[in-house]
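Coordinates from my_file_6.csv are shown below (CSV, C-alpha atoms).
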chain,number,residue,atom,x,y,z
A,1,MET,CA,0.0,0.0,0.0
A,2,PHE,CA,1.2,3.5,-0.9
A,3,ASP,CA,1.9,5.5,2.3
A,4,PHE,CA,0.6,9.1,1.7
A,5,ASP,CA,2.5,11.6,3.8
A,6,ILE,CA,0.6,14.8,4.5
A,7,GLN,CA,3.9,16.7,5.1
A,8,TRP,CA,4.7,16.6,1.3
A,9,VAL,CA,1.4,18.3,0.6
A,10,LEU,CA,2.2,21.0,3.1
A,11,VAL,CA,5.5,21.6,1.4
A,12,ALA,CA,4.3,21.4,-2.2
A,13,LEU,CA,1.4,23.9,-1.9
A,14,PRO,CA,3.6,26.8,-0.9
A,15,VAL,CA,6.1,25.9,-3.7
A,16,ALA,CA,3.4,25.7,-6.3
A,17,PHE,CA,2.0,29.0,-5.1
A,18,GLY,CA,5.4,30.7,-5.3
A,19,LEU,CA,6.1,29.4,-8.8
A,20,GLY,CA,2.7,30.6,-10.0
A,21,TRP,CA,3.3,34.0,-8.4
A,22,LEU,CA,6.7,34.3,-10.1
A,23,GLY,CA,5.2,33.3,-13.5
A,24,SER,CA,2.4,35.9,-13.2
A,25,ARG,CA,4.9,38.6,-12.2
A,26,PHE,CA,7.0,37.7,-15.3
A,27,ASP,CA,4.0,37.9,-17.6
A,28,LEU,CA,2.9,41.1,-16.0
A,29,ARG,CA,6.3,42.7,-16.5
A,30,GLN,CA,6.2,41.6,-20.2
A,31,VAL,CA,2.8,43.1,-20.7
A,32,ARG,CA,3.8,46.3,-19.0
A,33,ARG,CA,6.9,46.5,-21.1
A,34,GLU,CA,5.0,45.9,-24.4
A,35,THR,CA,2.3,48.5,-23.3
A,36,ARG,CA,5.0,51.0,-22.5
A,37,ASP,CA,6.9,50.4,-25.8
A,38,ALA,CA,3.8,50.7,-28.0
A,39,PRO,CA,2.8,54.2,-26.8
A,40,ARG,CA,6.5,55.3,-27.0
A,41,ALA,CA,6.7,54.3,-30.7
A,42,TYR,CA,3.3,55.9,-31.3
A,43,PHE,CA,4.2,59.2,-29.6
A,44,LYS,CA,7.5,59.2,-31.5
A,45,GLY,CA,5.6,59.1,-34.8
A,46,LEU,CA,3.2,61.7,-33.6
A,47,ASN,CA,6.0,64.0,-32.6
A,48,LEU,CA,7.6,63.7,-36.0
A,49,LEU,CA,4.3,64.4,-37.6
A,50,LEU,CA,3.8,67.5,-35.7
A,51,ASN,CA,7.3,68.6,-36.7
A,52,GLU,CA,6.2,68.1,-40.4
A,53,GLN,CA,8.6,65.2,-40.8
A,54,GLN,CA,6.1,63.0,-42.5
A,55,ASP,CA,8.6,60.5,-44.1
A,56,LYS,CA,10.2,59.8,-40.7
A,57,ALA,CA,6.7,59.7,-39.1
A,58,ILE,CA,5.6,57.0,-41.5
A,59,ASP,CA,8.7,55.0,-40.8
A,60,ALA,CA,8.0,55.3,-37.0
A,61,PHE,CA,4.4,54.2,-37.5
A,62,ILE,CA,5.4,51.3,-39.7
A,63,GLU,CA,7.9,50.1,-37.1
A,64,ALA,CA,5.3,50.4,-34.4
A,65,VAL,CA,2.8,48.4,-36.4
A,66,GLN,CA,5.4,45.7,-37.0
A,67,ASN,CA,6.2,45.5,-33.3
A,68,ASP,CA,2.5,45.4,-32.3
A,69,PRO,CA,0.5,44.2,-35.3
A,70,ASP,CA,-2.7,43.8,-33.2
A,71,THR,CA,-3.1,47.5,-32.3
A,72,ALA,CA,-5.8,49.0,-34.5
A,73,GLU,CA,-5.1,52.6,-33.6
A,74,LEU,CA,-1.6,52.4,-35.1
A,75,HIS,CA,-3.1,51.1,-38.3
A,76,PHE,CA,-5.6,53.9,-38.4
A,77,ALA,CA,-2.9,56.5,-37.8
A,78,LEU,CA,-0.7,55.0,-40.5
A,79,GLY,CA,-3.6,54.7,-43.0
A,80,ASN,CA,-4.7,58.3,-42.5
A,81,LEU,CA,-1.2,59.5,-42.9
A,82,PHE,CA,-0.8,57.7,-46.2
A,83,ARG,CA,-4.1,59.2,-47.4
A,84,ARG,CA,-3.0,62.7,-46.4
A,85,ARG,CA,0.2,62.3,-48.4
A,86,GLY,CA,-1.7,61.1,-51.5
A,87,GLU,CA,-0.4,57.5,-51.2
A,88,PHE,CA,-3.9,56.1,-51.6
A,89,GLU,CA,-2.8,52.6,-52.6
A,90,ARG,CA,-0.9,52.1,-49.4
A,91,ALA,CA,-3.8,53.6,-47.4
A,92,VAL,CA,-6.2,51.1,-49.0
A,93,ARG,CA,-3.9,48.2,-48.1
A,94,VAL,CA,-3.7,49.3,-44.5
A,95,HIS,CA,-7.4,49.6,-44.1
A,96,GLU,CA,-8.2,46.5,-46.0
A,97,HIS,CA,-5.8,44.6,-43.7
A,98,LEU,CA,-7.8,45.9,-40.8
A,99,LEU,CA,-11.1,44.7,-42.2
A,100,GLN,CA,-9.7,41.2,-42.8
A,101,ARG,CA,-9.0,40.7,-39.1
A,102,GLY,CA,-11.5,38.5,-37.4
A,103,ASP,CA,-11.0,39.9,-33.9
A,104,LEU,CA,-11.9,43.4,-34.9
A,105,LYS,CA,-14.7,44.9,-32.9
A,106,PRO,CA,-17.8,46.1,-34.8
A,107,ALA,CA,-17.2,49.8,-34.0
A,108,GLU,CA,-13.6,49.5,-35.2
A,109,ARG,CA,-14.7,47.6,-38.3
A,110,ALA,CA,-17.1,50.4,-39.2
A,111,ARG,CA,-14.4,52.9,-38.6
A,112,ALA,CA,-12.0,51.0,-40.9
A,113,GLN,CA,-14.8,50.7,-43.6
A,114,HIS,CA,-15.3,54.5,-43.4
A,115,ALA,CA,-11.6,55.1,-43.7
A,116,LEU,CA,-11.4,52.8,-46.7
A,117,ALA,CA,-14.3,54.6,-48.4
A,118,GLN,CA,-12.5,57.9,-47.9
A,119,ASP,CA,-9.4,56.4,-49.5
A,120,PHE,CA,-11.3,55.4,-52.6
A,121,MET,CA,-13.0,58.8,-52.7
A,122,LYS,CA,-9.7,60.7,-52.5
A,123,ALA,CA,-8.2,58.4,-55.1
A,124,GLY,CA,-11.0,59.1,-57.6
A,125,LEU,CA,-12.3,55.5,-57.5
A,126,PHE,CA,-15.9,56.6,-57.3
A,127,ASP,CA,-17.5,53.2,-58.0
A,128,ARG,CA,-15.5,51.5,-55.2
A,129,ALA,CA,-16.1,54.5,-52.9
A,130,GLU,CA,-19.9,54.2,-53.5
A,131,SER,CA,-19.8,50.5,-52.6
A,132,ALA,CA,-17.7,51.2,-49.5
A,133,TYR,CA,-20.0,54.0,-48.3
A,134,ARG,CA,-23.1,51.9,-48.9
A,135,ALA,CA,-21.6,49.2,-46.7
A,136,LEU,CA,-21.8,51.6,-43.8
A,137,GLU,CA,-25.6,51.6,-43.7
A,138,GLY,CA,-26.8,50.8,-40.2
A,139,THR,CA,-23.5,51.9,-38.5
A,140,ALA,CA,-22.5,55.0,-36.6
A,141,PHE,CA,-21.1,56.4,-39.8
A,142,ALA,CA,-24.3,56.0,-41.8
A,143,SER,CA,-25.1,59.8,-41.8
A,144,ASP,CA,-21.5,60.7,-42.8
A,145,ALA,CA,-21.7,58.1,-45.5
A,146,ARG,CA,-24.9,59.5,-46.9
A,147,LEU,CA,-23.5,63.0,-47.0
A,148,ALA,CA,-20.4,61.7,-48.9
A,149,LEU,CA,-22.7,59.7,-51.3
A,150,LEU,CA,-24.7,62.9,-51.9
A,151,SER,CA,-21.5,64.8,-52.9
A,152,LEU,CA,-20.5,61.8,-55.1
A,153,TYR,CA,-23.9,61.8,-56.9
A,154,GLU,CA,-23.8,65.6,-57.4
A,155,ARG,CA,-20.3,65.2,-58.9
A,156,SER,CA,-21.4,62.4,-61.2
A,157,ARG,CA,-24.7,64.2,-61.9
A,158,ASP,CA,-26.7,61.2,-60.9
A,159,TRP,CA,-29.7,63.3,-59.9
A,160,PRO,CA,-32.2,60.5,-59.1
A,161,ARG,CA,-29.9,58.9,-56.6
A,162,ALA,CA,-29.1,62.3,-55.2
A,163,VAL,CA,-32.8,62.9,-54.6
A,164,GLU,CA,-33.1,59.5,-52.9
A,165,THR,CA,-30.1,60.1,-50.7
A,166,ALA,CA,-31.1,63.6,-49.7
A,167,GLY,CA,-34.6,62.3,-48.8
A,168,LYS,CA,-33.0,59.7,-46.5
A,169,LEU,CA,-30.8,62.3,-44.8
A,170,GLU,CA,-33.8,64.6,-44.2
A,171,ALA,CA,-35.8,61.7,-42.8
A,172,THR,CA,-33.1,60.8,-40.3
A,173,GLY,CA,-33.0,64.4,-39.0
A,174,ALA,CA,-29.7,65.4,-40.6
A,175,GLY,CA,-31.1,68.8,-41.7
A,176,SER,CA,-33.3,70.3,-44.4
A,177,PHE,CA,-32.5,69.3,-47.9
A,178,ALA,CA,-35.6,70.6,-49.5
A,179,ALA,CA,-33.8,73.3,-51.6
A,180,ARG,CA,-31.2,70.9,-52.8
A,181,ILE,CA,-33.9,68.3,-53.8
A,182,ALA,CA,-35.6,71.1,-55.8
A,183,HIS,CA,-32.4,71.7,-57.6
A,184,TYR,CA,-32.0,68.0,-58.3
A,185,GLU,CA,-35.5,67.8,-59.7
A,186,CYS,CA,-34.9,70.9,-61.9
A,187,GLU,CA,-31.7,69.2,-63.3
A,188,ILE,CA,-33.8,66.1,-64.0
A,189,ALA,CA,-36.3,68.3,-65.8
A,190,LEU,CA,-33.6,69.9,-68.0
A,191,GLU,CA,-32.2,66.5,-68.9
A,192,ALA,CA,-35.7,65.2,-69.8
A,193,ASP,CA,-36.3,68.2,-72.0
A,194,ALA,CA,-33.0,67.7,-73.7
A,195,GLN,CA,-34.0,64.0,-74.4
A,196,GLY,CA,-37.4,65.1,-75.8
A,197,GLN,CA,-39.4,63.9,-72.9
A,198,PRO,CA,-41.6,66.9,-71.9
A,199,ASP,CA,-44.0,64.9,-69.7
A,200,ALA,CA,-41.1,63.6,-67.6
A,201,ALA,CA,-39.7,67.2,-67.4
A,202,GLN,CA,-43.1,68.5,-66.3
A,203,ALA,CA,-43.4,65.8,-63.6
A,204,ALA,CA,-39.9,66.6,-62.3
A,205,LEU,CA,-40.7,70.3,-62.1
A,206,ALA,CA,-43.9,69.5,-60.2
A,207,ARG,CA,-41.9,67.5,-57.7
A,208,ALA,CA,-39.5,70.4,-57.3
A,209,ARG,CA,-42.3,72.7,-56.5
A,210,GLN,CA,-43.7,70.2,-54.0
A,211,ALA,CA,-40.3,69.7,-52.3
A,212,ALA,CA,-39.6,73.4,-51.9
A,213,PRO,CA,-42.6,75.7,-52.7
A,214,ALA,CA,-40.6,78.8,-51.8
A,215,ALA,CA,-37.6,78.0,-54.1
A,216,PRO,CA,-37.1,80.4,-57.0
A,217,ARG,CA,-35.6,78.0,-59.6
A,218,PRO,CA,-38.7,75.9,-60.3
A,219,LEU,CA,-40.7,79.1,-61.1
A,220,LEU,CA,-37.9,80.5,-63.3
A,221,LEU,CA,-37.6,77.2,-65.2
A,222,ALA,CA,-41.3,76.9,-65.5
A,223,GLY,CA,-41.5,80.2,-67.2
A,224,GLN,CA,-38.7,79.3,-69.6
A,225,ARG,CA,-40.4,76.0,-70.6
A,226,GLN,CA,-43.7,77.7,-71.0
A,227,LEU,CA,-42.2,80.4,-73.2
A,228,ALA,CA,-40.4,77.8,-75.3
A,229,ALA,CA,-43.7,76.0,-75.8
A,230,GLY,CA,-45.4,79.2,-77.0
A,231,GLN,CA,-47.4,79.7,-73.8
A,232,THR,CA,-46.5,83.3,-73.3
A,233,ALA,CA,-49.3,84.2,-70.9
A,234,ALA,CA,-48.4,81.3,-68.7
A,235,ALA,CA,-44.7,82.3,-68.8
A,236,LEU,CA,-45.5,85.8,-67.8
A,237,ALA,CA,-47.6,84.6,-64.9
A,238,SER,CA,-44.8,82.4,-63.6
A,239,TRP,CA,-42.3,85.2,-63.9
A,240,ASN,CA,-44.6,87.7,-62.3
A,241,LEU,CA,-44.8,85.4,-59.3
A,242,LEU,CA,-41.1,85.0,-59.3
A,243,ARG,CA,-40.7,88.8,-59.4
A,244,GLU,CA,-43.0,89.2,-56.4
A,245,ARG,CA,-41.4,86.4,-54.3
A,246,HIS,CA,-37.8,86.5,-55.4
A,247,PRO,CA,-36.8,89.9,-56.9
A,248,LEU,CA,-33.1,89.1,-57.1
A,249,ALA,CA,-33.7,85.8,-59.0
A,250,PHE,CA,-36.1,87.6,-61.3
A,251,LEU,CA,-33.1,89.6,-62.6
A,252,LEU,CA,-32.0,86.5,-64.4
A,253,VAL,CA,-35.0,86.6,-66.7
A,254,ALA,CA,-35.8,90.3,-66.7
A,255,GLU,CA,-34.9,90.7,-70.4
A,256,PRO,CA,-36.8,87.6,-71.6
A,257,TYR,CA,-39.7,88.8,-69.5
A,258,ALA,CA,-39.7,92.2,-71.2
A,259,ARG,CA,-39.4,90.7,-74.7
A,260,ALA,CA,-42.2,88.3,-74.1
A,261,ALA,CA,-44.5,91.0,-72.7
A,262,ARG,CA,-43.7,93.3,-75.6
A,263,GLU,CA,-44.6,90.5,-78.1
A,264,ALA,CA,-47.8,89.7,-76.2
A,265,GLY,CA,-48.9,93.3,-76.3
A,266,ARG,CA,-48.4,93.8,-72.5
A,267,GLY,CA,-45.5,96.2,-72.7
A,268,ALA,CA,-47.2,98.9,-70.6
A,269,GLU,CA,-48.0,96.4,-67.9
A,270,ALA,CA,-44.4,95.1,-67.9
A,271,ARG,CA,-42.9,98.6,-67.8
A,272,THR,CA,-45.0,99.5,-64.7
A,273,ALA,CA,-43.8,96.3,-63.0
A,274,LEU,CA,-40.1,96.9,-63.9
A,275,LEU,CA,-40.2,100.6,-62.9
A,276,ALA,CA,-41.7,99.6,-59.5
A,277,LEU,CA,-39.0,97.0,-58.9
A,278,LEU,CA,-36.3,99.5,-60.0
A,279,GLN,CA,-37.2,101.8,-57.2
A,280,THR,CA,-36.3,99.2,-54.6
A,281,LEU,CA,-33.7,97.2,-56.5
A,282,PRO,CA,-31.5,99.4,-58.7
A,283,ALA,CA,-30.0,96.8,-61.0
A,284,THR,CA,-28.6,96.9,-64.6
A,285,PRO,CA,-30.7,93.9,-65.8
A,286,LEU,CA,-33.9,95.9,-65.1
A,287,LEU,CA,-32.5,98.8,-67.3
A,288,ARG,CA,-31.7,96.3,-70.0
A,289,ALA,CA,-35.3,95.0,-69.8
A,290,LEU,CA,-36.7,98.5,-70.1
A,291,GLN,CA,-34.5,99.1,-73.2
A,292,ALA,CA,-35.8,95.8,-74.6
A,293,LEU,CA,-39.3,97.2,-74.2
A,294,ASP,CA,-38.2,100.3,-76.2
A,295,ALA,CA,-36.8,98.2,-79.1
A,296,PRO,CA,-38.9,97.9,-82.3
A,297,ALA,CA,-41.5,95.3,-81.8
A,298,ALA,CA,-41.9,92.3,-84.1
A,299,THR,CA,-45.6,92.9,-83.9
A,300,PRO,CA,-47.2,96.3,-83.9
A,301,GLU,CA,-49.6,95.7,-81.1
A,302,ALA,CA,-47.9,97.9,-78.5
A,303,PRO,CA,-44.9,99.8,-80.0
A,304,ALA,CA,-42.8,101.9,-77.6
A,305,THR,CA,-43.6,105.6,-77.6
A,306,PRO,CA,-40.9,108.3,-77.8
A,307,ALA,CA,-41.8,109.4,-74.4
A,308,ALA,CA,-41.2,106.0,-72.9
A,309,ALA,CA,-37.9,105.7,-74.7
A,310,ALA,CA,-36.8,109.1,-73.3
A,311,SER,CA,-37.9,108.0,-69.8
A,312,THR,CA,-35.7,104.9,-70.1
A,313,LEU,CA,-32.7,107.0,-71.2
A,314,ALA,CA,-33.2,109.4,-68.3
A,315,LEU,CA,-33.4,106.4,-65.9
A,316,LEU,CA,-30.2,105.0,-67.4
A,317,ARG,CA,-28.3,108.3,-66.8
A,318,GLN,CA,-29.7,108.6,-63.3
A,319,GLN,CA,-28.7,105.0,-62.5
A,320,LEU,CA,-25.2,105.6,-63.8
A,321,GLN,CA,-24.8,108.7,-61.6
A,322,GLN,CA,-26.2,107.1,-58.5
A,323,HIS,CA,-24.9,103.6,-58.8
A,324,PRO,CA,-21.9,103.8,-61.2
A,325,SER,CA,-20.8,100.4,-62.6
A,326,LEU,CA,-19.2,99.1,-65.8
A,327,SER,CA,-22.4,97.2,-66.7
A,328,THR,CA,-24.5,100.3,-66.6
A,329,ALA,CA,-21.7,102.3,-68.4
A,330,GLN,CA,-21.7,99.7,-71.2
A,331,LEU,CA,-25.4,100.0,-71.5
A,332,LEU,CA,-25.2,103.7,-72.1
A,333,LEU,CA,-22.2,103.3,-74.4
A,334,SER,CA,-24.3,101.0,-76.6
A,335,ARG,CA,-26.6,104.0,-77.4
A,336,PRO,CA,-25.7,106.7,-79.9
A,337,PRO,CA,-23.3,109.4,-78.5
A,338,ALA,CA,-26.0,112.0,-78.9
A,339,ASP,CA,-28.0,110.2,-76.2
A,340,TRP,CA,-25.2,110.5,-73.6
A,341,GLY,CA,-25.5,114.2,-72.7
A,342,ASP,CA,-23.0,116.1,-70.6
A,343,ASP,CA,-24.2,114.5,-67.3
A,344,GLY,CA,-24.1,111.1,-68.9
A,345,LEU,CA,-20.6,111.6,-70.2
A,346,GLU,CA,-19.4,112.7,-66.7
A,347,ALA,CA,-21.1,109.7,-65.2
A,348,LEU,CA,-19.3,107.5,-67.7
A,349,ARG,CA,-15.9,108.9,-66.7
A,350,GLN,CA,-16.7,108.3,-63.0
A,351,ALA,CA,-17.8,104.8,-63.6
A,352,VAL,CA,-14.7,103.9,-65.5
A,353,ALA,CA,-12.5,105.5,-62.9
A,354,ARG,CA,-14.2,103.6,-60.1
A,355,ALA,CA,-13.9,100.3,-61.9
A,356,ALA,CA,-10.3,100.9,-62.8
A,357,ARG,CA,-9.2,101.7,-59.3
A,358,PRO,CA,-9.0,98.1,-57.9
A,359,VAL,CA,-6.7,97.1,-60.8
A,360,GLN,CA,-4.5,100.2,-60.6
A,361,ARG,CA,-2.3,98.4,-58.0
A,362,TYR,CA,1.2,96.9,-58.0
A,363,ARG,CA,1.5,93.1,-57.3
A,364,CYS,CA,4.6,91.4,-55.9
A,365,ALA,CA,5.8,88.7,-58.3
A,366,ALA,CA,7.1,86.6,-55.4
A,367,CYS,CA,4.1,86.4,-53.1
A,368,GLY,CA,1.3,88.3,-54.8
A,369,PHE,CA,1.0,91.0,-52.2
A,370,GLU,CA,-0.8,94.0,-53.8
A,371,ALA,CA,-0.3,97.7,-52.9
A,372,GLN,CA,-1.4,101.0,-54.3
A,373,HIS,CA,2.1,102.4,-54.1
A,374,TYR,CA,5.3,101.0,-55.6
A,375,PHE,CA,7.7,99.3,-53.2
A,376,TRP,CA,11.4,98.4,-53.9
A,377,GLN,CA,11.0,95.8,-51.1
A,378,CYS,CA,7.8,93.9,-50.7
A,379,PRO,CA,6.1,94.5,-47.4
A,380,GLY,CA,4.6,91.0,-47.5
A,381,CYS,CA,7.6,88.7,-48.2
A,382,LEU,CA,10.4,91.3,-47.9
A,383,ALA,CA,11.8,90.4,-51.4
A,384,TRP,CA,13.7,93.0,-53.2
A,385,ASP,CA,12.9,94.2,-56.8
A,386,SER,CA,9.9,91.8,-56.8
A,387,TYR,CA,7.4,94.5,-58.0
A,388,PRO,CA,7.0,95.0,-61.7
A,389,PRO,CA,7.0,98.8,-62.4
A,390,GLN,CA,3.5,98.5,-63.9
A,391,THR,CA,0.1,98.2,-62.4
A,392,ILE,CA,-2.0,95.1,-62.7
A,393,ASP,CA,-4.2,96.5,-65.5
A,394,ALA,CA,-1.1,97.2,-67.6
A,395,LEU,CA,0.4,93.8,-67.3

Write out the structure in this file as structure tokens.
Amino acid sequence: MFDFDIQWVLVALPVAFGLGWLGSRFDLRQVRRETRDAPRAYFKGLNLLLNEQQDKAIDAFIEAVQNDPDTAELHFALGNLFRRRGEFERAVRVHEHLLQRGDLKPAERARAQHALAQDFMKAGLFDRAESAYRALEGTAFASDARLALLSLYERSRDWPRAVETAGKLEATGAGSFAARIAHYECEIALEADAQGQPDAAQAALARARQAAPAAPRPLLLAGQRQLAAGQTAAALASWNLLRERHPLAFLLVAEPYARAAREAGRGAEARTALLALLQTLPATPLLRALQALDAPAATPEAPATPAAAASTLALLRQQLQQHPSLSTAQLLLSRPPADWGDDGLEALRQAVARAARPVQRYRCAACGFEAQHYFWQCPGCLAWDSYPPQTIDAL
């Protein structure tokens, strides 16, 4: 029979405990050493990066990743640095390597997917960027991904997908995209008209009005389409509504409005509306529109009277004196010199002098610093003889 001695047990237990304690202390020291070494390499790379030594920073991060390949933060730092330097292929490899890891947490996996999508976007690989961004649906980066996709669809002029993406963003509380959706629908309408699909264009325009009832572009485009279709009365109605709601946007169609009104025999009505707007919004397009009303009409329903033409000329001179600009000066110069008058000629001189003043400056050839006076030494970059002895308008 085996004679079991309890004394051996009493001796073995403390020995086993001591060996276990020594082993745990050895492992703990090793973990602490690795934990200490990883941040040291990371901070070394960060310090080099802050000192704008990007090549050395990349080498430091690569070394840190090799020493600790399981640290995701080092991979993210290295990949982002590659992207900033334009080394998109290397950035893609880093982030794809992260995504291939099976032990990556869901939050870090979504972050790596987002970084990969940014790599593709910066590299101009828009198809791959779209797929990468779409893979972020349902993650914390979903809103950012939709915004990036919206920019991508705008760039590629994929207006239907832009409408869809903007609608999702608005539905998730990312802000109001009504005005942008209206622009997208207007672009769809223009493309449909170009392809000979007027019904599709009209439907897109209706959706634009519904998405943003206060937007000016659908009204402006509606008038243009109606005028092109020969619906002059409807076009004038659309543009009158535009003039009441969005006077600044109306300036874009002031001349076509005047010509359409003149041809429809509604010149007097249009003149009254234009003169009323000119009182609150002194703008050259309105003067051009008034001159268009004075031009010989294609139909004799409502020819301009000499008194109306003289009134427009007086308004033009007054506008040039009160609000001198090259556009208004050009408008007066387009008329016969007999129409200028002494006050108009003086106003022309003042307008040209005012417009020429910003370009009558000297510009440093080294840094681009501009000054009204000539300097032998640039006040901006302190370079000598960097100013050409001619003003900008003479170069």

Subject >> Of the listed residues A:Ala329, A:Cys378, A:Ala314, A:Ala229, that which approaches A:Arg354 most closely, counting all atoms listed in the file >> reply: A:Ala329

Original post:
Which residues come within 12 Å of A:Arg157, counting only C-alpha atoms, excluding same-chain residues fewer than 2 positions away, as a ChimeraX atom specification?
Top reply: /A:149-155,159-163,183-185,187-188,191

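Between atom CA of A:Leu241 and atom CA of A:Gly223 there is a distance of 10.0 Å.
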
Subject >> Who sits within 7 Å of stretch 212-219 of chain A, only C-alpha atoms, same chain under 3 positions skipped, as number ranges by chain >> reply: A: 178-179, 182, 186, 205, 208-209, 222-223, 238-239, 242, 246, 249

Just the selected residues (C-alpha atoms), exported as a short mmCIF file (atom, residue, chain, number, x, y, z; two decimals), in the frame of the given file, please.
data_model
loop_
_atom_site.label_atom_id
_atom_site.label_comp_id
_atom_site.auth_asym_id
_atom_site.auth_seq_id
_atom_site.Cartn_x
_atom_site.Cartn_y
_atom_site.Cartn_z
CA ALA A 178 -35.60 70.60 -49.50
CA ALA A 179 -33.80 73.30 -51.60
CA ALA A 182 -35.60 71.10 -55.80
CA CYS A 186 -34.90 70.90 -61.90
CA LEU A 205 -40.70 70.30 -62.10
CA ALA A 208 -39.50 70.40 -57.30
CA ARG A 209 -42.30 72.70 -56.50
CA ALA A 222 -41.30 76.90 -65.50
CA GLY A 223 -41.50 80.20 -67.20
CA SER A 238 -44.80 82.40 -63.60
CA TRP A 239 -42.30 85.20 -63.90
CA LEU A 242 -41.10 85.00 -59.30
CA HIS A 246 -37.80 86.50 -55.40
CA ALA A 249 -33.70 85.80 -59.00
#

Original post:
If we count only C-alpha atoms, what is near A:Leu290 at a cut-off of 9 Å, once residues fewer than 6 positions away on the same chain are taken out, given as a list in words?
Top reply: Ala254, Glu255, Ala258, Ala270, Arg271, Leu274, Leu275, Ala309 and Thr312 of chain A

**OP:** Would you be able to write out as a PyMOL selection string which residues have an atom within 12 Å of (-20.6, 99.0, -69.3) in the file's coordinates, counting all atoms listed in the file?
**Re:** chain A and resi 284-285+288+316+320+324-335+347-352+355

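When atom CA of A:Ala276 is paired with atom CA of A:Gln226, their separation reads 24.8 Å.
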
Original post:
Counting all atoms listed in the file, which residues come within 12 Å of (-23.4, 51.0, -40.6), with the point read in the file's coordinates, and could you list them as a count of residues only?
Top reply: 24

Original post:
Quick one, how far is atom CA of A:Pro247 from atom CA of A:Leu278?
Top reply: 10.1 Å

Original post:
Can you list, as a ChimeraX atom specification, every protein, DNA or RNA residue that comes within 9 Å of A:Ala292 when you count only C-alpha atoms, leaving out same-chain residues fewer than 3 positions away?
Top reply: /A:255-256,258-259,262,287-289,295-296

Subject >> Shortest interatomic distance to A:Leu277 - which of A:Asn80, A:Thr172, A:Gln210, A:Asn240, counting all atoms listed in the file >> reply: A:Asn240
